[in-house]
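Structure, as structure tokens:
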Amino acid sequence: MANLCKITVVKCSLQVDLISEFHAHTEIKRCPIFSRGQEFYGTTTQLPKGFCAWAYADIAKDLAPVAYDESGQTTKITCCTSGFHNVYFKLEAVDNTEGNG
């Protein structure tokens, strides 16, 4: 059974300089799905409830080393690849009895 990971939103950024240069005609705001401090629990194979599928696809590669304690890495910072409003996540391995699925 896969180990559980706690996924915490640590930063929601807005790349104003890139927006000004490449999307001046479009209003782009911070990610509408995530807020700093939100917590999710998931595995390397299951999208957590309420989590953005695009962001999960971006961070899924980083879940396995944390979930399976590969190379002693039990915490990692990663982000989604939205070029204009990136969201940064902290991944932590947790005991399978923790979390809310």
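A note on labels: chains of the structure tokens are A, B, ... as shown, every chain counts residues from 1, and ligands are counted from 1 in their shown order.
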### Query
If we count only C-alpha atoms, what is near A:Val16 at a cut-off of 12 Å, once residues fewer than 5 positions away on the same chain are taken out, given as a list of chain:residue names?
A:Glu21, A:Phe22, A:His23, A:Ala24, A:Thr26, A:Glu27, A:Ile28, A:Lys29, A:Arg30, A:Gly83, A:Phe84, A:His85, A:Asn86
Take the selection from the previous step and output its residues with all heavy atoms, as a tab-separated table (two decimals), in the first residue's frame.
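The resulting out09.tsv:
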```tsv
chain	number	residue	atom	x	y	z
A	21	GLU	N	3.74	41.48	-19.97
A	21	GLU	CA	4.42	41.34	-21.25
A	21	GLU	C	3.66	40.48	-22.26
A	21	GLU	O	3.62	40.79	-23.45
A	21	GLU	CB	5.81	40.73	-21.03
A	21	GLU	CG	6.64	40.65	-22.29
A	21	GLU	CD	8.06	40.20	-22.03
A	21	GLU	OE1	8.49	40.18	-20.87
A	21	GLU	OE2	8.74	39.87	-23.02
A	22	PHE	N	3.04	39.41	-21.80
A	22	PHE	CA	2.46	38.45	-22.73
A	22	PHE	C	0.93	38.38	-22.74
A	22	PHE	O	0.35	37.79	-23.64
A	22	PHE	CB	3.02	37.05	-22.45
A	22	PHE	CG	4.50	36.98	-22.65
A	22	PHE	CD1	5.34	36.90	-21.57
A	22	PHE	CD2	5.04	37.01	-23.93
A	22	PHE	CE1	6.72	36.84	-21.76
A	22	PHE	CE2	6.41	36.94	-24.13
A	22	PHE	CZ	7.26	36.86	-23.03
A	23	HIS	N	0.29	38.94	-21.72
A	23	HIS	CA	-1.18	38.88	-21.64
A	23	HIS	C	-1.76	40.21	-21.16
A	23	HIS	O	-2.70	40.23	-20.38
A	23	HIS	CB	-1.63	37.76	-20.69
A	23	HIS	CG	-1.75	36.44	-21.36
A	23	HIS	ND1	-2.84	36.08	-22.09
A	23	HIS	CD2	-0.89	35.40	-21.42
A	23	HIS	CE1	-2.65	34.87	-22.58
A	23	HIS	NE2	-1.48	34.44	-22.19
A	24	ALA	N	-1.23	41.29	-21.65
A	24	ALA	CA	-1.68	42.60	-21.21
A	24	ALA	C	-3.16	42.83	-21.47
A	24	ALA	O	-3.82	43.57	-20.75
A	24	ALA	CB	-0.86	43.70	-21.88
A	26	THR	N	-5.52	40.59	-21.15
A	26	THR	CA	-6.34	39.65	-20.37
A	26	THR	C	-6.08	39.84	-18.88
A	26	THR	O	-4.93	39.94	-18.46
A	26	THR	CB	-5.98	38.19	-20.74
A	26	THR	OG1	-6.09	38.03	-22.14
A	26	THR	CG2	-6.88	37.21	-20.05
A	27	GLU	N	-7.15	39.86	-18.10
A	27	GLU	CA	-6.98	39.94	-16.65
A	27	GLU	C	-6.74	38.54	-16.11
A	27	GLU	O	-7.54	37.63	-16.31
A	27	GLU	CB	-8.23	40.53	-15.98
A	27	GLU	CG	-8.06	40.66	-14.48
A	27	GLU	CD	-9.29	41.24	-13.79
A	27	GLU	OE1	-10.33	41.42	-14.45
A	27	GLU	OE2	-9.19	41.49	-12.60
A	28	ILE	N	-5.61	38.36	-15.47
A	28	ILE	CA	-5.26	37.07	-14.87
A	28	ILE	C	-5.10	37.30	-13.37
A	28	ILE	O	-4.41	38.21	-12.93
A	28	ILE	CB	-3.97	36.50	-15.47
A	28	ILE	CG1	-4.20	36.22	-16.97
A	28	ILE	CG2	-3.54	35.24	-14.74
A	28	ILE	CD1	-3.00	35.69	-17.70
A	29	LYS	N	-5.77	36.45	-12.60
A	29	LYS	CA	-5.73	36.56	-11.14
A	29	LYS	C	-5.01	35.35	-10.56
A	29	LYS	O	-4.69	34.41	-11.26
A	29	LYS	CB	-7.15	36.64	-10.59
A	29	LYS	CG	-7.91	37.86	-11.06
A	29	LYS	CD	-9.29	37.88	-10.49
A	29	LYS	CE	-10.02	39.13	-10.98
A	29	LYS	NZ	-11.36	39.22	-10.44
A	30	ARG	N	-4.82	35.39	-9.25
A	30	ARG	CA	-4.23	34.23	-8.56
A	30	ARG	C	-5.11	33.01	-8.80
A	30	ARG	O	-6.29	33.13	-9.13
A	30	ARG	CB	-4.12	34.49	-7.07
A	30	ARG	CG	-3.11	35.57	-6.72
A	30	ARG	CD	-2.80	35.56	-5.23
A	30	ARG	NE	-2.12	36.75	-4.80
A	30	ARG	CZ	-0.87	37.09	-5.08
A	30	ARG	NH1	-0.15	36.30	-5.82
A	30	ARG	NH2	-0.35	38.20	-4.64
A	83	GLY	N	2.17	29.03	-15.84
A	83	GLY	CA	3.17	30.06	-16.02
A	83	GLY	C	2.84	31.41	-15.41
A	83	GLY	O	3.72	32.19	-15.10
A	84	PHE	N	1.56	31.70	-15.21
A	84	PHE	CA	1.17	33.01	-14.73
A	84	PHE	C	0.71	33.05	-13.29
A	84	PHE	O	0.81	34.08	-12.64
A	84	PHE	CB	0.08	33.60	-15.64
A	84	PHE	CG	0.53	33.80	-17.05
A	84	PHE	CD1	-0.02	33.06	-18.07
A	84	PHE	CD2	1.54	34.71	-17.34
A	84	PHE	CE1	0.42	33.23	-19.38
A	84	PHE	CE2	1.98	34.89	-18.64
A	84	PHE	CZ	1.42	34.15	-19.67
A	85	HIS	N	0.18	31.96	-12.80
A	85	HIS	CA	-0.22	31.93	-11.38
A	85	HIS	C	0.14	30.58	-10.76
A	85	HIS	O	-0.70	29.74	-10.52
A	85	HIS	CB	-1.70	32.29	-11.16
A	85	HIS	CG	-2.68	31.58	-12.03
A	85	HIS	ND1	-3.00	30.25	-11.89
A	85	HIS	CD2	-3.41	32.03	-13.06
A	85	HIS	CE1	-3.90	29.91	-12.78
A	85	HIS	NE2	-4.17	30.96	-13.52
A	86	ASN	N	1.43	30.41	-10.51
A	86	ASN	CA	1.94	29.18	-9.92
A	86	ASN	C	1.46	29.01	-8.49
A	86	ASN	O	1.28	29.98	-7.77
A	86	ASN	CB	3.47	29.17	-9.89
A	86	ASN	CG	4.07	29.42	-11.25
A	86	ASN	OD1	4.11	30.55	-11.68
A	86	ASN	ND2	4.51	28.39	-11.90
```
#### Entry: Residues of chain A in strand (DSSP E), written as a list in words
Leu4, Cys5, Lys6, Ile7, Thr8, Val9, Val10, Lys11, Cys12, Glu39, Phe40, Tyr41, Gly42, Thr75, Lys76, Ile77, Thr78, Cys79, Val87, Tyr88, Phe89, Lys90, Leu91, Glu92, Ala93 and Val94 of chain A
### Query
Hey, what does DSSP flag as alpha helix (DSSP H) within chain A? Can you give it to me as a PyMOL selection string?
chain A and resi 16-22+53-67
### Message
Here is a test: counting only C-alpha atoms, which residue of A:Ile19, A:Cys31, A:Val9, A:Ala57 is nearest to A:Lys90?
### Response
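Result for the nearest residue to A:Lys90: A:Val9.
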### Task
Using only C-alpha atoms, determine which residues lie at most 10 Å from stretch 44-47 of chain A, disregarding the query and same-chain residues fewer than 2 positions distant; provide the list as a PyMOL selection string.
chain A and resi 2-5+40-42+49-53+55-57+59-68+101
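You will find atom CA of A:Ser20 at 24.1 Å from atom CA of A:Arg36.
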### Message
Under the rule that only C-alpha atoms are counted, which of A:Leu14, A:Cys80, A:Ile7, A:Val87 is the nearest residue to A:Thr43?
### Response
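With only C-alpha atoms as the atom set, the closest residue is A:Ile7.
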### Query
atom CA of A:Thr8 and atom CA of A:Ser82 are how many Å apart?
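Value for the atom CA of A:Thr8-atom CA of A:Ser82 distance: 17.5 Å.
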### Query
Which of these, A:Gln15, A:Thr81, A:Trp54, A:Phe89, has the shortest distance to A:Gln38 once you count only C-alpha atoms?
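Of the candidates, the smallest distance to A:Gln38 is held by A:Phe89.
When atom CA of A:Asp17 is paired with atom CA of A:Leu91, their separation reads 28.1 Å.
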### Message
Which residue is closest to A:Thr78? Choose from A:Ser13, A:Glu39, A:Lys6, A:Asp58 and count only C-alpha atoms.
### Response
A:Asp58
